[in-house]
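Participant: Sending over input_1.cif (mmCIF, C-alpha atoms).
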data_query
loop_
_atom_site.label_atom_id
_atom_site.label_comp_id
_atom_site.auth_asym_id
_atom_site.auth_seq_id
_atom_site.Cartn_x
_atom_site.Cartn_y
_atom_site.Cartn_z
CA MET A 1 -28.08 25.25 -14.75
CA ALA A 2 -28.24 27.92 -17.46
CA SER A 3 -31.61 28.55 -19.04
CA ALA A 4 -31.92 27.89 -22.76
CA GLU A 5 -34.94 30.23 -22.93
CA ARG A 6 -32.91 33.02 -21.41
CA HIS A 7 -30.48 32.84 -24.36
CA GLU A 8 -33.00 32.14 -27.10
CA GLN A 9 -32.14 35.40 -28.87
CA LEU A 10 -28.41 35.76 -29.46
CA GLU A 11 -26.83 39.19 -29.35
CA PRO A 12 -26.92 40.48 -32.95
CA LEU A 13 -23.81 41.56 -34.83
CA THR A 14 -23.82 45.25 -35.74
CA ARG A 15 -20.80 45.78 -38.01
CA ARG A 16 -21.02 45.59 -41.81
CA ASN A 17 -18.72 44.37 -44.54
CA ARG A 18 -17.53 46.49 -47.47
CA ALA A 19 -20.70 45.69 -49.38
CA GLY A 20 -22.75 47.18 -46.56
CA GLU A 21 -24.08 43.80 -45.41
CA LEU A 22 -24.27 42.92 -41.73
CA TYR A 23 -21.77 40.33 -40.55
CA THR A 24 -23.36 36.94 -39.97
CA ARG A 25 -22.10 33.99 -37.97
CA LEU A 26 -21.86 30.58 -39.59
CA PRO A 27 -24.90 28.39 -38.79
CA ALA A 28 -22.61 25.82 -37.14
CA VAL A 29 -21.22 28.53 -34.84
CA GLU A 30 -24.69 29.67 -33.79
CA THR A 31 -25.66 26.06 -33.10
CA GLN A 32 -22.59 25.66 -30.87
CA ILE A 33 -23.33 28.93 -29.06
CA ARG A 34 -26.91 27.93 -28.26
CA ALA A 35 -25.79 24.51 -27.04
CA ALA A 36 -23.00 25.99 -24.91
CA LEU A 37 -25.29 28.56 -23.29
CA GLY A 38 -27.52 25.73 -22.10
CA LEU A 39 -24.72 24.06 -20.13
CA ASP A 40 -23.94 24.52 -16.47
CA PRO A 41 -20.53 26.13 -15.78
CA ALA A 42 -18.63 22.89 -15.09
CA ALA A 43 -19.88 21.24 -18.28
CA LEU A 44 -19.25 24.41 -20.28
CA TYR A 45 -15.65 24.73 -19.11
CA ALA A 46 -14.99 21.04 -19.73
CA ARG A 47 -16.28 21.32 -23.28
CA ALA A 48 -14.40 24.59 -23.92
CA ARG A 49 -11.15 22.89 -22.86
CA ILE A 50 -11.46 20.16 -25.51
CA SER A 51 -8.44 20.64 -27.78
CA ASP A 52 -9.16 18.07 -30.49
CA ARG A 53 -10.41 20.19 -33.39
CA THR A 54 -11.87 17.11 -35.06
CA GLY A 55 -13.95 16.19 -32.03
CA VAL A 56 -17.72 16.56 -32.26
CA ASP A 57 -17.82 18.60 -29.02
CA TYR A 58 -14.98 20.96 -29.94
CA LEU A 59 -16.08 24.60 -29.56
CA GLN A 60 -14.86 26.78 -32.39
CA GLU A 61 -13.01 29.97 -31.51
CA GLU A 62 -15.86 32.04 -32.98
CA CYS A 63 -18.16 30.41 -30.42
CA LEU A 64 -15.74 31.10 -27.57
CA ALA A 65 -15.50 34.73 -28.68
CA TYR A 66 -19.27 35.07 -28.29
CA LEU A 67 -19.26 33.31 -24.92
CA VAL A 68 -16.50 35.57 -23.58
CA ARG A 69 -18.41 38.66 -24.68
CA ASP A 70 -21.70 37.30 -23.31
CA ALA A 71 -20.14 36.65 -19.90
CA PHE A 72 -18.70 40.15 -19.86
CA ARG A 73 -22.04 41.76 -20.82
CA ARG A 74 -23.86 39.86 -18.08
CA GLY A 75 -21.29 40.66 -15.42
CA GLU A 76 -20.54 36.97 -14.80
CA HIS A 77 -16.97 37.39 -13.60
CA GLU A 78 -15.95 33.77 -13.12
CA ARG A 79 -17.34 32.69 -16.50
CA PHE A 80 -15.64 35.64 -18.22
CA SER A 81 -12.27 34.96 -16.58
CA THR A 82 -12.33 31.18 -17.16
CA LEU A 83 -13.43 31.35 -20.80
CA THR A 84 -10.96 34.14 -21.54
CA SER A 85 -8.13 32.03 -20.14
CA ILE A 86 -9.19 29.05 -22.25
CA LEU A 87 -9.34 31.18 -25.39
CA LEU A 88 -5.92 32.68 -24.68
CA ARG A 89 -4.36 29.25 -24.28
CA ARG A 90 -5.40 28.56 -27.85
CA CYS A 91 -4.22 31.93 -29.19
CA VAL A 92 -0.89 32.67 -27.57
CA PRO A 93 1.21 29.77 -29.00
CA TRP A 94 -0.16 30.56 -32.47
CA LEU A 95 0.62 34.25 -32.03
CA ARG A 96 4.16 33.58 -30.84
CA ALA A 97 4.92 31.17 -33.67
CA GLY A 98 3.58 33.57 -36.29
CA LEU A 99 5.45 36.57 -34.89
CA PHE A 100 8.68 34.58 -34.87
CA GLU A 101 8.17 33.60 -38.50
CA LEU A 102 7.59 37.27 -39.33
CA GLY A 103 10.97 38.26 -37.92
CA VAL A 104 10.31 39.11 -34.28
CA GLN A 105 13.24 38.22 -32.04
CA GLU A 106 12.60 35.52 -29.45
CA GLN A 107 13.19 37.82 -26.48
CA ASP A 108 10.35 40.08 -27.69
CA LEU A 109 7.73 37.41 -28.42
CA ASP A 110 6.09 37.49 -25.00
CA GLU A 111 5.51 41.22 -24.90
CA LEU A 112 4.23 41.49 -28.47
CA SER A 113 1.88 38.52 -28.15
CA GLN A 114 0.57 40.04 -24.92
CA LYS A 115 -0.05 43.29 -26.77
CA LEU A 116 -2.11 41.43 -29.38
CA VAL A 117 -4.02 39.58 -26.68
CA SER A 118 -4.74 42.82 -24.86
CA LYS A 119 -6.19 44.42 -27.99
CA MET A 120 -8.29 41.35 -28.76
CA ILE A 121 -9.87 41.39 -25.29
CA THR A 122 -10.54 45.11 -25.57
CA ASP A 123 -12.24 44.62 -28.93
CA LEU A 124 -14.31 41.65 -27.75
CA THR A 125 -15.67 43.57 -24.77
CA SER A 126 -16.28 46.89 -26.53
CA ASP A 127 -19.77 48.26 -27.06
CA ASP A 128 -19.14 49.56 -30.58
CA GLY A 129 -19.08 46.21 -32.40
CA ARG A 130 -15.39 46.34 -33.27
CA GLY A 131 -14.99 42.75 -32.08
CA ASP A 132 -17.88 41.38 -34.19
CA PHE A 133 -15.65 39.77 -36.80
CA PHE A 134 -14.07 37.53 -34.17
CA GLN A 135 -17.44 35.73 -34.12
CA VAL A 136 -17.43 35.40 -37.92
CA ARG A 137 -13.84 34.44 -38.83
CA PHE A 138 -11.86 34.45 -35.59
CA TRP A 139 -8.36 33.96 -36.93
CA VAL A 140 -8.64 36.50 -39.78
CA PRO A 141 -8.59 39.72 -37.69
CA LEU A 142 -6.02 38.21 -35.32
CA LYS A 143 -3.76 37.35 -38.26
CA LYS A 144 -4.17 40.86 -39.64
CA GLU A 145 -3.21 42.41 -36.29
CA ARG A 146 -0.25 40.05 -36.06
CA TRP A 147 1.04 41.18 -39.46
CA SER A 148 0.55 44.84 -38.53
CA LEU A 149 2.35 44.55 -35.20
CA ALA A 150 5.24 42.63 -36.76
CA ASP A 151 5.64 45.37 -39.37
CA GLN A 152 5.67 48.02 -36.63
CA TYR A 153 8.25 46.02 -34.73
CA LYS A 154 10.56 45.65 -37.74
CA GLY A 155 10.18 49.34 -38.50
CA ALA A 156 11.15 50.15 -34.91
CA VAL A 157 14.20 47.89 -35.21
CA ARG A 158 15.29 49.67 -38.41
CA ARG A 159 14.85 53.10 -36.80
CA ALA A 160 16.75 52.00 -33.71
CA ARG A 161 19.53 50.59 -35.87
CA ARG A 162 19.88 53.91 -37.66
CA HIS A 163 19.86 55.71 -34.31
CA VAL A 164 22.64 53.50 -32.99
CA SER A 165 24.76 53.81 -36.13
CA LEU A 166 24.52 57.61 -36.05
CA SER A 167 25.11 58.04 -32.32
CA ASP A 168 27.91 55.51 -31.72
CA PRO A 169 31.55 56.62 -31.99
CA VAL A 170 33.14 55.88 -35.37
CA GLY A 171 34.43 52.31 -35.49
CA ASP A 172 32.36 51.19 -32.47
CA LYS A 173 29.85 48.60 -33.65
CA GLY A 174 28.74 47.72 -30.15
CA ASP A 175 27.03 44.42 -29.39
CA ALA A 176 24.08 44.69 -31.78
CA ASP A 177 25.45 43.78 -35.21
CA ASP A 178 22.53 41.42 -35.83
CA GLY A 179 19.96 44.03 -34.83
CA SER A 180 18.58 41.77 -32.12
CA ALA A 181 19.34 43.97 -29.11
CA ILE A 182 18.93 47.53 -30.34
CA VAL A 183 15.26 48.25 -29.75
CA ARG A 184 15.16 51.17 -27.32
CA ALA A 185 12.67 51.33 -24.46
CA ASP A 186 10.98 54.35 -26.06
CA VAL A 187 10.36 52.38 -29.27
CA ILE A 188 9.03 49.07 -27.93
CA PRO A 189 7.74 48.89 -24.32
CA SER A 190 9.48 46.53 -21.94
CA ARG A 191 8.05 43.08 -21.31
CA ASP A 192 6.96 44.13 -17.82
CA ASP A 193 5.20 47.22 -19.19
CA VAL A 194 3.30 45.21 -21.78
CA ALA A 195 2.37 42.53 -19.26
CA ARG A 196 1.10 45.20 -16.86
CA SER A 197 -0.86 46.80 -19.69
CA ALA A 198 -2.50 43.49 -20.61
CA GLU A 199 -3.30 42.73 -16.97
CA ALA A 200 -4.74 46.22 -16.53
CA ARG A 201 -7.00 45.78 -19.56
CA ILE A 202 -8.22 42.41 -18.28
CA ASP A 203 -8.86 43.90 -14.84
CA MET A 204 -10.72 46.81 -16.41
CA ALA A 205 -12.88 44.39 -18.39
CA LYS A 206 -13.66 42.46 -15.21
CA ALA A 207 -14.45 45.70 -13.38
CA LEU A 208 -16.81 46.85 -16.13
CA ALA A 209 -18.48 43.46 -16.04
CA SER A 210 -19.38 44.19 -12.41
CA ILE A 211 -21.81 46.85 -13.69
CA HIS A 212 -24.80 44.54 -13.92
CA ASP A 213 -27.14 46.56 -16.14
CA PRO A 214 -25.70 46.69 -19.69
CA ARG A 215 -27.27 50.11 -20.24
CA HIS A 216 -25.48 51.51 -17.20
CA ARG A 217 -22.23 49.91 -18.36
CA GLN A 218 -22.48 51.34 -21.86
CA ALA A 219 -23.45 54.79 -20.56
CA TRP A 220 -20.44 54.73 -18.23
CA VAL A 221 -18.06 53.81 -21.08
CA MET A 222 -19.57 56.47 -23.36
CA TYR A 223 -19.34 59.15 -20.65
CA ASN A 224 -15.71 58.31 -19.97
CA ASN A 225 -14.95 58.47 -23.69
CA GLY A 226 -16.17 62.05 -23.99
CA TRP A 227 -19.90 61.73 -24.72
CA GLN A 228 -22.10 64.47 -23.24
CA ILE A 229 -25.04 63.46 -21.10
CA ASP A 230 -27.28 66.02 -22.80
CA ALA A 231 -26.92 69.03 -25.10
CA LYS A 232 -28.98 71.97 -26.29
CA ASP A 233 -28.14 71.29 -29.92
CA PRO A 234 -30.69 68.66 -31.11
CA ALA A 235 -28.24 67.44 -33.76
CA GLU A 236 -25.47 66.68 -31.28
CA PRO A 237 -25.27 63.03 -30.20
CA THR A 238 -25.61 62.52 -26.45
CA ILE A 239 -26.02 59.63 -24.04
CA SER A 240 -29.60 60.58 -23.18
CA LYS A 241 -30.56 60.62 -26.88
CA ARG A 242 -28.75 57.34 -27.49
CA PHE A 243 -30.94 55.58 -24.91
CA GLY A 244 -34.07 57.72 -25.24
CA VAL A 245 -34.10 58.69 -21.56
CA THR A 246 -33.82 61.92 -19.59
CA GLU A 247 -30.62 63.54 -18.39
CA LYS A 248 -31.66 62.75 -14.81
CA THR A 249 -31.96 59.05 -15.67
CA VAL A 250 -28.50 58.97 -17.23
CA ARG A 251 -26.97 60.62 -14.16
CA LEU A 252 -28.68 58.02 -11.97
CA TRP A 253 -27.24 55.25 -14.15
CA LEU A 254 -23.76 56.73 -13.87
CA ARG A 255 -23.99 56.96 -10.08
CA GLN A 256 -25.12 53.34 -9.88
CA ALA A 257 -22.33 52.25 -12.23
CA GLN A 258 -19.77 54.14 -10.17
CA ALA A 259 -21.02 52.51 -6.97
CA GLU A 260 -20.73 49.01 -8.50
CA LEU A 261 -17.24 49.76 -9.79
CA LYS A 262 -16.20 51.06 -6.38
CA SER A 263 -17.47 47.87 -4.74
CA TRP A 264 -15.57 45.73 -7.25
CA TYR A 265 -12.29 47.58 -6.75
CA GLU A 266 -12.66 47.47 -2.96
CA ALA A 267 -13.22 43.70 -3.14
CA HIS A 268 -10.28 43.12 -5.50
CA GLY A 269 -7.77 45.57 -4.11
#
Could I get this structure in the form of C-alpha cells?
Facilitator:
Amino acid sequence: MASAERHEQLEPLTRRNRAGELYTRLPAVETQIRAALGLDPAALYARARISDRTGVDYLQEECLAYLVRDAFRRGEHERFSTLTSILLRRCVPWLRAGLFELGVQEQDLDELSQKLVSKMITDLTSDDGRGDFFQVRFWVPLKKERWSLADQYKGAVRRARRHVSLSDPVGDKGDADDGSAIVRADVIPSRDDVARSAEARIDMAKALASIHDPRHRQAWVMYNNGWQIDAKDPAEPTISKRFGVTEKTVRLWLRQAQAELKSWYEAHG
C-alpha cells in the first residue's frame, strides 16, 4: 500500500509561462494525483485503465503524466512501464488520426506517431522541466508537436518530389505521381528505425529509473550532457555547484549511478 504521507508534497513545476509565472496544475488534477498516489498498484492500474472520460474515477492525462514521471524519479520500474503503456494507449490513436488529417500518408503513420511518443516520454522524464506543461494542459504540447512533425513530413515530401522530378529521365514519371511513395530513407527514417529509436528511449528511461537516488540520476544525466564536475572559474556552472557538494562527492555519485546502470543492463540484456 502506498503511503499518502510519503507523497504529501507533490513535485513542484519549474517552468514559467510567457508572463514569467510558474506553471500550475489545475486543482482537480492535483486532487486526482494525491488520490492516485495513495492507491496500491493493482487499484492504481485499474483506475488508470478506466476509459470513460465522464466517469468519476477517470484519471485525466495531466494526472497520468505526473504519475509516469513520479514512477521514473523513484526508480519504480513496473509502475513506470505500466502507466506509460496506459498513457500511450490513449495517445497513439489520437496522434495517428490527427497526422492523417494533416496529410500524412497511411503507411507513414506508425513511424511518425512513434516519433512523437518517443519525444513525449523523453520530455516527461527529463530533469530540466521541459515536460511540465504535460501536467498543465496535456494535449496542447502534444498537438503542437503533431502539427510541427506533420509540417516537417510534408516539407520532406515536397523536397523528395523535386529530387525525383530532377533526377528521373525525361518522360519517366515513375510510380509516385501522387507523392505517396517518394520519401527517401535519408529524409524520413524507416518504420523499423523509428520503432527502434522509441524502444531505445523507453529502455533508457527505464535504465535511468534504476538509479535510485534522484541526485545521482540527475548528476549522471548532467555529466553525460557535457557538464563539468568542478571548475576553477567560480562563474562557470558545474555539477558540484548545482548540488552544493564537493567534487569527490559528485564522483562517488557517478560511480554509484554507473554501478546501478550496469546491474540494470546485465539483468535486462
Participant: Residue by residue, what does the PyMOL selection byres ((chain A and resi 258-263) around 9) grab here? Present the result as a VMD selection string.
Facilitator: chain A and resid 207 to 212 220 253 to 257 264 to 268
Participant: Just so the selection is clear, what residues does the PyMOL selection byres ((chain A and resi 61-72) around 6) cover here, as a short mmCIF file (atom, residue, chain, number, x, y, z; two decimals) with C-alpha atoms, in the coordinates of the input?
Facilitator:
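Output contents, as saved in selection.cif:
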data_model
loop_
_atom_site.label_atom_id
_atom_site.label_comp_id
_atom_site.auth_asym_id
_atom_site.auth_seq_id
_atom_site.Cartn_x
_atom_site.Cartn_y
_atom_site.Cartn_z
CA VAL A 29 -21.22 28.53 -34.84
CA ILE A 33 -23.33 28.93 -29.06
CA GLN A 60 -14.86 26.78 -32.39
CA ARG A 73 -22.04 41.76 -20.82
CA ARG A 74 -23.86 39.86 -18.08
CA GLY A 75 -21.29 40.66 -15.42
CA GLU A 76 -20.54 36.97 -14.80
CA ARG A 79 -17.34 32.69 -16.50
CA PHE A 80 -15.64 35.64 -18.22
CA LEU A 83 -13.43 31.35 -20.80
CA LEU A 124 -14.31 41.65 -27.75
CA THR A 125 -15.67 43.57 -24.77
CA PHE A 134 -14.07 37.53 -34.17
CA GLN A 135 -17.44 35.73 -34.12
CA PHE A 138 -11.86 34.45 -35.59
CA ALA A 209 -18.48 43.46 -16.04
#
Participant: Evaluate the PyMOL selection byres ((chain A and resi 96) around 12) on the structure here and hand back the selected residues as a ChimeraX atom specification.
Facilitator: /A:88-95,97-117,143,146-147,149-150
Participant: What gap, in Å, lies between atom CA of A:Leu10 and atom CA of A:Tyr23?
Facilitator: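 Straight-line distance from atom CA of A:Leu10 to atom CA of A:Tyr23 works out to 13.7 Å.
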Participant: Restricting the calculation to only C-alpha atoms, which member of A:Asp203, A:Thr54, A:Val221, A:Arg34 is positioned closest to A:Ser126?
Facilitator: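 Ranking A:Asp203, A:Thr54, A:Val221, A:Arg34 by distance to A:Ser126, first place goes to A:Val221.
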Participant: May I ask for the distance between atom CA of A:Arg137 and atom CA of A:Arg25, given in Å to one decimal place?
Facilitator: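 For atom CA of A:Arg137 relative to atom CA of A:Arg25, the distance reads 8.3 Å.
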Participant: Using only C-alpha atoms, find the one residue out of A:Val250, A:Ala231, A:Ala205, A:Ile239 that sits nearest to A:Asp123.
Facilitator: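 For A:Asp123, the nearest of the candidates is A:Ala205.
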Participant: When distances are computed from all atoms listed in the file, which of A:Asp128, A:Ala42, A:Val140, A:Ile50 shows the smallest separation from A:Met222?
Facilitator: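 Closest residue, counting all atoms listed in the file: A:Asp128.
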Participant: Rebuild stretch 47-77 of chain A so that it carries N, CA and C atoms, then output the result as a PDB file, in the coordinates of the input.
Facilitator:
ATOM      1  N   ARG A  47     -16.169  21.369 -21.818  1.00  0.00           N
ATOM      2  CA  ARG A  47     -16.280  21.320 -23.280  1.00  0.00           C
ATOM      3  C   ARG A  47     -15.362  22.349 -23.927  1.00  0.00           C
ATOM      4  N   ALA A  48     -15.249  23.545 -23.347  1.00  0.00           N
ATOM      5  CA  ALA A  48     -14.400  24.590 -23.920  1.00  0.00           C
ATOM      6  C   ALA A  48     -12.928  24.180 -23.909  1.00  0.00           C
ATOM      7  N   ARG A  49     -12.549  23.305 -22.961  1.00  0.00           N
ATOM      8  CA  ARG A  49     -11.150  22.890 -22.860  1.00  0.00           C
ATOM      9  C   ARG A  49     -10.791  21.765 -23.822  1.00  0.00           C
ATOM     10  N   ILE A  50     -11.752  21.211 -24.520  1.00  0.00           N
ATOM     11  CA  ILE A  50     -11.460  20.160 -25.510  1.00  0.00           C
ATOM     12  C   ILE A  50     -10.552  20.752 -26.586  1.00  0.00           C
ATOM     13  N   SER A  51      -9.431  20.104 -26.838  1.00  0.00           N
ATOM     14  CA  SER A  51      -8.440  20.640 -27.780  1.00  0.00           C
ATOM     15  C   SER A  51      -8.419  19.931 -29.128  1.00  0.00           C
ATOM     16  N   ASP A  52      -9.125  18.824 -29.231  1.00  0.00           N
ATOM     17  CA  ASP A  52      -9.160  18.070 -30.490  1.00  0.00           C
ATOM     18  C   ASP A  52     -10.136  18.752 -31.459  1.00  0.00           C
ATOM     19  N   ARG A  53      -9.581  19.424 -32.462  1.00  0.00           N
ATOM     20  CA  ARG A  53     -10.410  20.190 -33.390  1.00  0.00           C
ATOM     21  C   ARG A  53     -11.334  19.293 -34.198  1.00  0.00           C
ATOM     22  N   THR A  54     -11.027  18.018 -34.289  1.00  0.00           N
ATOM     23  CA  THR A  54     -11.870  17.110 -35.060  1.00  0.00           C
ATOM     24  C   THR A  54     -12.990  16.512 -34.215  1.00  0.00           C
ATOM     25  N   GLY A  55     -12.946  16.758 -32.918  1.00  0.00           N
ATOM     26  CA  GLY A  55     -13.950  16.190 -32.030  1.00  0.00           C
ATOM     27  C   GLY A  55     -15.316  16.833 -32.217  1.00  0.00           C
ATOM     28  N   VAL A  56     -16.368  16.071 -32.041  1.00  0.00           N
ATOM     29  CA  VAL A  56     -17.720  16.560 -32.260  1.00  0.00           C
ATOM     30  C   VAL A  56     -18.101  17.641 -31.255  1.00  0.00           C
ATOM     31  N   ASP A  57     -17.488  17.625 -30.066  1.00  0.00           N
ATOM     32  CA  ASP A  57     -17.820  18.600 -29.020  1.00  0.00           C
ATOM     33  C   ASP A  57     -16.865  19.786 -28.983  1.00  0.00           C
ATOM     34  N   TYR A  58     -15.939  19.854 -29.920  1.00  0.00           N
ATOM     35  CA  TYR A  58     -14.980  20.960 -29.940  1.00  0.00           C
ATOM     36  C   TYR A  58     -15.715  22.274 -30.213  1.00  0.00           C
ATOM     37  N   LEU A  59     -15.471  23.289 -29.372  1.00  0.00           N
ATOM     38  CA  LEU A  59     -16.080  24.600 -29.560  1.00  0.00           C
ATOM     39  C   LEU A  59     -15.158  25.471 -30.400  1.00  0.00           C
ATOM     40  N   GLN A  60     -15.663  25.930 -31.527  1.00  0.00           N
ATOM     41  CA  GLN A  60     -14.860  26.780 -32.390  1.00  0.00           C
ATOM     42  C   GLN A  60     -14.542  28.103 -31.685  1.00  0.00           C
ATOM     43  N   GLU A  61     -13.446  28.724 -32.133  1.00  0.00           N
ATOM     44  CA  GLU A  61     -13.010  29.970 -31.510  1.00  0.00           C
ATOM     45  C   GLU A  61     -14.060  31.074 -31.668  1.00  0.00           C
ATOM     46  N   GLU A  62     -14.803  31.054 -32.781  1.00  0.00           N
ATOM     47  CA  GLU A  62     -15.860  32.040 -32.980  1.00  0.00           C
ATOM     48  C   GLU A  62     -16.937  31.912 -31.899  1.00  0.00           C
ATOM     49  N   CYS A  63     -17.205  30.667 -31.497  1.00  0.00           N
ATOM     50  CA  CYS A  63     -18.160  30.410 -30.420  1.00  0.00           C
ATOM     51  C   CYS A  63     -17.614  30.918 -29.090  1.00  0.00           C
ATOM     52  N   LEU A  64     -16.346  30.637 -28.815  1.00  0.00           N
ATOM     53  CA  LEU A  64     -15.740  31.100 -27.570  1.00  0.00           C
ATOM     54  C   LEU A  64     -15.715  32.622 -27.505  1.00  0.00           C
ATOM     55  N   ALA A  65     -15.495  33.270 -28.649  1.00  0.00           N
ATOM     56  CA  ALA A  65     -15.500  34.730 -28.680  1.00  0.00           C
ATOM     57  C   ALA A  65     -16.854  35.266 -28.228  1.00  0.00           C
ATOM     58  N   TYR A  66     -17.930  34.645 -28.712  1.00  0.00           N
ATOM     59  CA  TYR A  66     -19.270  35.070 -28.290  1.00  0.00           C
ATOM     60  C   TYR A  66     -19.461  34.821 -26.792  1.00  0.00           C
ATOM     61  N   LEU A  67     -19.047  33.663 -26.322  1.00  0.00           N
ATOM     62  CA  LEU A  67     -19.260  33.310 -24.920  1.00  0.00           C
ATOM     63  C   LEU A  67     -18.495  34.248 -23.984  1.00  0.00           C
ATOM     64  N   VAL A  68     -17.275  34.628 -24.384  1.00  0.00           N
ATOM     65  CA  VAL A  68     -16.500  35.570 -23.580  1.00  0.00           C
ATOM     66  C   VAL A  68     -17.233  36.909 -23.508  1.00  0.00           C
ATOM     67  N   ARG A  69     -17.699  37.375 -24.650  1.00  0.00           N
ATOM     68  CA  ARG A  69     -18.410  38.660 -24.680  1.00  0.00           C
ATOM     69  C   ARG A  69     -19.721  38.574 -23.888  1.00  0.00           C
ATOM     70  N   ASP A  70     -20.434  37.468 -24.017  1.00  0.00           N
ATOM     71  CA  ASP A  70     -21.700  37.300 -23.310  1.00  0.00           C
ATOM     72  C   ASP A  70     -21.481  37.326 -21.801  1.00  0.00           C
ATOM     73  N   ALA A  71     -20.439  36.651 -21.342  1.00  0.00           N
ATOM     74  CA  ALA A  71     -20.140  36.650 -19.900  1.00  0.00           C
ATOM     75  C   ALA A  71     -19.800  38.044 -19.421  1.00  0.00           C
ATOM     76  N   PHE A  72     -19.057  38.780 -20.230  1.00  0.00           N
ATOM     77  CA  PHE A  72     -18.700  40.150 -19.860  1.00  0.00           C
ATOM     78  C   PHE A  72     -19.944  41.032 -19.782  1.00  0.00           C
ATOM     79  N   ARG A  73     -20.821  40.929 -20.780  1.00  0.00           N
ATOM     80  CA  ARG A  73     -22.040  41.760 -20.820  1.00  0.00           C
ATOM     81  C   ARG A  73     -22.919  41.497 -19.603  1.00  0.00           C
ATOM     82  N   ARG A  74     -22.974  40.237 -19.178  1.00  0.00           N
ATOM     83  CA  ARG A  74     -23.860  39.860 -18.080  1.00  0.00           C
ATOM     84  C   ARG A  74     -23.210  40.037 -16.705  1.00  0.00           C
ATOM     85  N   GLY A  75     -21.948  40.455 -16.699  1.00  0.00           N
ATOM     86  CA  GLY A  75     -21.290  40.660 -15.420  1.00  0.00           C
ATOM     87  C   GLY A  75     -20.978  39.370 -14.690  1.00  0.00           C
ATOM     88  N   GLU A  76     -20.834  38.262 -15.422  1.00  0.00           N
ATOM     89  CA  GLU A  76     -20.540  36.970 -14.800  1.00  0.00           C
ATOM     90  C   GLU A  76     -19.014  36.791 -14.766  1.00  0.00           C
ATOM     91  N   HIS A  77     -18.416  37.241 -13.680  1.00  0.00           N
ATOM     92  CA  HIS A  77     -16.970  37.390 -13.600  1.00  0.00           C
ATOM     93  C   HIS A  77     -16.213  36.074 -13.756  1.00  0.00           C
TER      94      HIS A  77
END
